[in-house]
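Next comes input34.pdb, a file with PDB, C-alpha atoms.
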ATOM      1  CA  MET Z   1       1.581 -12.941 -25.883  1.00  0.00           C
ATOM      2  CA  LYS Z   2       4.973 -12.194 -24.323  1.00  0.00           C
ATOM      3  CA  ASN Z   3       3.754  -8.825 -23.073  1.00  0.00           C
ATOM      4  CA  LEU Z   4       0.695 -10.411 -21.492  1.00  0.00           C
ATOM      5  CA  LEU Z   5       2.934 -12.923 -19.716  1.00  0.00           C
ATOM      6  CA  ARG Z   6       5.207 -10.126 -18.479  1.00  0.00           C
ATOM      7  CA  LEU Z   7       2.168  -8.216 -17.255  1.00  0.00           C
ATOM      8  CA  GLY Z   8       0.791 -11.265 -15.434  1.00  0.00           C
ATOM      9  CA  VAL Z   9       4.107 -12.142 -13.782  1.00  0.00           C
ATOM     10  CA  ALA Z  10       4.731  -8.552 -12.685  1.00  0.00           C
ATOM     11  CA  ILE Z  11       1.211  -8.222 -11.239  1.00  0.00           C
ATOM     12  CA  LEU Z  12       1.591 -11.533  -9.395  1.00  0.00           C
ATOM     13  CA  VAL Z  13       4.995 -10.628  -7.934  1.00  0.00           C
ATOM     14  CA  ILE Z  14       3.953  -7.109  -6.891  1.00  0.00           C
ATOM     15  CA  THR Z  15       0.703  -8.378  -5.343  1.00  0.00           C
ATOM     16  CA  ALA Z  16       2.651 -10.965  -3.322  1.00  0.00           C
ATOM     17  CA  LEU Z  17       5.135  -8.286  -2.218  1.00  0.00           C
ATOM     18  CA  ALA Z  18       2.304  -5.927  -1.294  1.00  0.00           C
ATOM     19  CA  TYR Z  19       0.467  -8.634   0.666  1.00  0.00           C
ATOM     20  CA  TRP Z  20       3.659  -9.316   2.588  1.00  0.00           C
ATOM     21  CA  SER Z  21       4.427  -5.631   3.227  1.00  0.00           C
ATOM     22  CA  ILE Z  22       1.065  -3.877   3.659  1.00  0.00           C
ATOM     23  CA  LEU Z  23       1.202  -3.813   7.469  1.00  0.00           C
ATOM     24  CA  PRO Z  24       4.773  -2.466   7.619  1.00  0.00           C
ATOM     25  CA  LEU Z  25       3.723   0.159   5.066  1.00  0.00           C
ATOM     26  CA  CYS Z  26       0.814   1.016   7.355  1.00  0.00           C
ATOM     27  CA  GLY Z  27       3.236   1.411  10.267  1.00  0.00           C
ATOM     28  CA  LEU Z  28       5.554   3.569   8.173  1.00  0.00           C
ATOM     29  CA  ILE Z  29       2.777   5.826   6.873  1.00  0.00           C
ATOM     30  CA  PHE Z  30       0.865   6.277  10.137  1.00  0.00           C
ATOM     31  CA  SER Z  31       3.572   5.593  12.787  1.00  0.00           C
ATOM     32  CA  CYS Z  32       0.980   3.367  14.432  1.00  0.00           C
ATOM     33  CA  GLY Z  33       3.107   0.412  15.521  1.00  0.00           C
ATOM     34  CA  CYS Z  34       2.352  -2.097  12.751  1.00  0.00           C
ATOM     35  CA  SER Z  35       5.446  -4.010  11.622  1.00  0.00           C
ATOM     36  CA  PHE Z  36       6.790  -7.144   9.917  1.00  0.00           C
ATOM     37  CA  GLU Z  37       7.580  -8.870  13.191  1.00  0.00           C
ATOM     38  CA  SER Z  38       4.422  -8.214  15.164  1.00  0.00           C
ATOM     39  CA  GLY Z  39       1.760  -7.403  12.581  1.00  0.00           C
ATOM     40  CA  ILE Z  40      -0.911  -5.301  14.296  1.00  0.00           C
ATOM     41  CA  THR Z  41      -0.070  -6.493  17.836  1.00  0.00           C
ATOM     42  CA  PHE Z  42       1.459  -3.113  18.775  1.00  0.00           C
ATOM     43  CA  CYS Z  43      -0.813  -0.960  16.612  1.00  0.00           C
ATOM     44  CA  ASN Z  44      -2.286   2.039  18.393  1.00  0.00           C
ATOM     45  CA  ILE Z  45      -5.826   0.711  17.857  1.00  0.00           C
ATOM     46  CA  PHE Z  46      -5.277  -1.247  21.077  1.00  0.00           C
ATOM     47  CA  GLU Z  47      -4.313   1.818  23.130  1.00  0.00           C
ATOM     48  CA  ALA Z  48      -6.957   4.038  24.679  1.00  0.00           C
ATOM     49  CA  GLY Z  49      -6.633   7.791  24.436  1.00  0.00           C
ATOM     50  CA  GLN Z  50      -4.746   7.881  21.133  1.00  0.00           C
ATOM     51  CA  PRO Z  51      -5.994   8.515  17.624  1.00  0.00           C
ATOM     52  CA  ASN Z  52      -6.570   5.122  16.011  1.00  0.00           C
ATOM     53  CA  CYS Z  53      -4.734   4.065  12.880  1.00  0.00           C
ATOM     54  CA  PRO Z  54      -7.013   4.841   9.906  1.00  0.00           C
ATOM     55  CA  TRP Z  55      -6.336   1.545   8.135  1.00  0.00           C
ATOM     56  CA  CYS Z  56      -6.370  -0.839  11.093  1.00  0.00           C
ATOM     57  CA  SER Z  57      -9.423   0.692  12.758  1.00  0.00           C
ATOM     58  CA  GLN Z  58     -11.718  -0.106   9.840  1.00  0.00           C
ATOM     59  CA  SER Z  59     -13.325  -3.475   9.205  1.00  0.00           C
ATOM     60  CA  ALA Z  60     -11.294  -6.286   7.661  1.00  0.00           C
ATOM     61  CA  PHE Z  61     -13.524  -6.121   4.585  1.00  0.00           C
ATOM     62  CA  ALA Z  62     -12.824  -2.397   4.127  1.00  0.00           C
ATOM     63  CA  PHE Z  63      -9.090  -2.954   4.667  1.00  0.00           C
ATOM     64  CA  TRP Z  64      -8.950  -5.643   1.965  1.00  0.00           C
ATOM     65  CA  MET Z  65     -11.062  -3.525  -0.381  1.00  0.00           C
ATOM     66  CA  LEU Z  66      -8.482  -0.764   0.066  1.00  0.00           C
ATOM     67  CA  PHE Z  67      -5.704  -3.271  -0.611  1.00  0.00           C
ATOM     68  CA  GLY Z  68      -7.520  -4.421  -3.758  1.00  0.00           C
ATOM     69  CA  ALA Z  69      -7.945  -0.843  -4.987  1.00  0.00           C
ATOM     70  CA  ILE Z  70      -4.229  -0.171  -4.474  1.00  0.00           C
ATOM     71  CA  MET Z  71      -3.427  -3.344  -6.418  1.00  0.00           C
ATOM     72  CA  VAL Z  72      -5.733  -2.409  -9.311  1.00  0.00           C
ATOM     73  CA  VAL Z  73      -4.111   0.982  -9.810  1.00  0.00           C
ATOM     74  CA  SER Z  74      -0.662  -0.587  -9.331  1.00  0.00           C
ATOM     75  CA  ALA Z  75      -1.535  -3.051 -12.110  1.00  0.00           C
ATOM     76  CA  GLY Z  76      -2.341  -0.042 -14.273  1.00  0.00           C
ATOM     77  CA  THR Z  77       1.080   1.373 -13.461  1.00  0.00           C
ATOM     78  CA  ILE Z  78       2.676  -1.944 -14.477  1.00  0.00           C
ATOM     79  CA  TRP Z  79       0.739  -1.947 -17.737  1.00  0.00           C
ATOM     80  CA  PHE Z  80       1.840   1.632 -18.448  1.00  0.00           C
ATOM     81  CA  ALA Z  81       5.491   0.799 -17.709  1.00  0.00           C
ATOM     82  CA  LEU Z  82       5.420  -2.238 -20.001  1.00  0.00           C
ATOM     83  CA  LYS Z  83       3.452  -0.559 -22.789  1.00  0.00           C
ATOM     84  CA  TRP Z  84       4.966   2.903 -22.924  1.00  0.00           C
ATOM     85  CA  VAL Z  85       8.389   2.746 -21.281  1.00  0.00           C
ATOM     86  CA  LYS Z  86      10.038  -0.601 -22.040  1.00  0.00           C
ATOM     87  CA  PRO Z  87       8.552  -4.065 -22.569  1.00  0.00           C
ATOM     88  CA  ALA Z  88      10.831  -5.891 -20.105  1.00  0.00           C
ATOM     89  CA  ILE Z  89       9.917  -7.726 -16.904  1.00  0.00           C
ATOM     90  CA  GLY Z  90      12.321  -5.570 -14.882  1.00  0.00           C
ATOM     91  CA  MET Z  91      10.514  -2.426 -16.008  1.00  0.00           C
ATOM     92  CA  GLY Z  92       7.165  -3.983 -15.108  1.00  0.00           C
ATOM     93  CA  LEU Z  93       8.414  -4.891 -11.634  1.00  0.00           C
ATOM     94  CA  LEU Z  94       9.935  -1.449 -11.090  1.00  0.00           C
ATOM     95  CA  GLY Z  95       6.740   0.217 -12.283  1.00  0.00           C
ATOM     96  CA  GLY Z  96       4.678  -2.014 -10.015  1.00  0.00           C
ATOM     97  CA  LEU Z  97       6.834  -1.347  -6.963  1.00  0.00           C
ATOM     98  CA  LEU Z  98       6.806   2.397  -7.523  1.00  0.00           C
ATOM     99  CA  GLY Z  99       3.075   2.270  -8.253  1.00  0.00           C
ATOM    100  CA  TYR Z 100       2.368   0.310  -5.074  1.00  0.00           C
ATOM    101  CA  LEU Z 101       4.334   2.770  -2.955  1.00  0.00           C
ATOM    102  CA  PHE Z 102       2.846   5.820  -4.676  1.00  0.00           C
ATOM    103  CA  TRP Z 103      -0.791   4.677  -4.676  1.00  0.00           C
ATOM    104  CA  GLY Z 104      -0.494   3.222  -1.165  1.00  0.00           C
ATOM    105  CA  SER Z 105       0.946   6.496   0.097  1.00  0.00           C
ATOM    106  CA  LEU Z 106      -1.733   8.512  -1.676  1.00  0.00           C
ATOM    107  CA  ALA Z 107      -4.429   6.317  -0.124  1.00  0.00           C
ATOM    108  CA  GLY Z 108      -2.729   6.746   3.260  1.00  0.00           C
ATOM    109  CA  LEU Z 109      -2.703  10.522   2.893  1.00  0.00           C
ATOM    110  CA  ALA Z 110      -6.378  10.527   1.916  1.00  0.00           C
ATOM    111  CA  TYR Z 111      -7.266   8.379   4.932  1.00  0.00           C
ATOM    112  CA  ALA Z 112      -5.170  10.558   7.262  1.00  0.00           C
ATOM    113  CA  LEU Z 113      -6.846  13.740   6.049  1.00  0.00           C
ATOM    114  CA  VAL Z 114     -10.408  12.376   6.047  1.00  0.00           C
ATOM    115  CA  ARG Z 115     -10.065  10.778   9.484  1.00  0.00           C
ATOM    116  CA  HIS Z 116      -8.021  13.658  10.964  1.00  0.00           C
ATOM    117  CA  TYR Z 117      -5.133  11.357  11.841  1.00  0.00           C
ATOM    118  CA  PRO Z 118      -2.248  13.472  13.197  1.00  0.00           C
ATOM    119  CA  THR Z 119       0.744  12.011  11.312  1.00  0.00           C
ATOM    120  CA  PHE Z 120       1.721  10.957   7.793  1.00  0.00           C
ATOM    121  CA  TYR Z 121       5.213   9.479   7.334  1.00  0.00           C
ATOM    122  CA  GLY Z 122       6.162  11.062  10.639  1.00  0.00           C
ATOM    123  CA  ILE Z 123       5.050  14.553   9.562  1.00  0.00           C
ATOM    124  CA  ASN Z 124       2.537  16.242  11.861  1.00  0.00           C
ATOM    125  CA  LEU Z 125      -0.591  17.128   9.892  1.00  0.00           C
ATOM    126  CA  TYR Z 126      -2.528  18.835  12.670  1.00  0.00           C
TER     127      TYR Z 126
END

Using the file provided, produce a representation of the structure as structure tokens.
Amino acid sequence: MKNLLRLGVAILVITALAYWSILPLCGLIFSCGCSFESGITFCNIFEAGQPNCPWCSQSAFAFWMLFGAIMVVSAGTIWFALKWVKPAIGMGLLGGLLGYLFWGSLAGLAYALVRHYPTFYGINLY
């Protein structure tokens, strides 16, 4: 029962953190202009003649489906950290944070490659 509570708390905290930070992560991955302060106001989807941000240029439904997929695999990372590394809330939170960053970055790389977006974490891909 304690492990289930730890899992639930860690998933809740990491999901809240991810919800709060998904746009800044988008800006960091794609160098598109998304940020904490302005959200998507300065995203390159509003500028003609530039490649559009792969995450922001899709529909809201597709964006939130992507967010949900990242959260599901991050929850798996939390479960793994609690089950196989150490059954402590700190380990669950660390596993969730690292999972969110890893899976979010992997999704970002996949989107950048499929949509031929020129940058990934500031590195020129094309």

For this session: Compute the distance from (2.2, -10.4, 4.6) to each atom, counting all atoms listed in the file, keep the residues with any atom at most 12 Å away, and return them as a PyMOL selection string; use the coordinates of the file.
Result: chain Z and resi 15-26+34-40+67

Problem set entry | Long-range neighbours of Z:Leu4 as a ChimeraX atom specification, 12 Å cut-off, all atoms listed in the file, 5 positions minimum in chain | /Z:9-11,78-79,82-83,87-89,92

For this session: Specify as a PyMOL selection string each residue included when the PyMOL selection byres ((chain Z and resi 103) around 12) is applied to this file.
Result: chain Z and resi 18+25+66-77+95-102+104-110

Exercise. Counting all atoms listed in the file, what is within 8 Å of Z:Phe120, bar same-chain residues fewer than 2 positions away, as number ranges by chain?
Worked result: Z: 29-31, 108-109, 112, 117-118, 122-125

Exercise. What is the distance between atom CA of Z:Tyr126 and atom CA of Z:Phe42, in Å to one decimal?
Worked result: 23.1 Å

Return as lines of an AutoDock Vina configuration file the box centre and box size in Å, one decimal, for an axis-aligned box around all listed atoms of stretch 95-103 of chain Z padded by 4 Å per side.
center_x = 3.0
center_y = 1.9
center_z = -7.6
size_x = 15.6
size_y = 15.8
size_z = 17.3
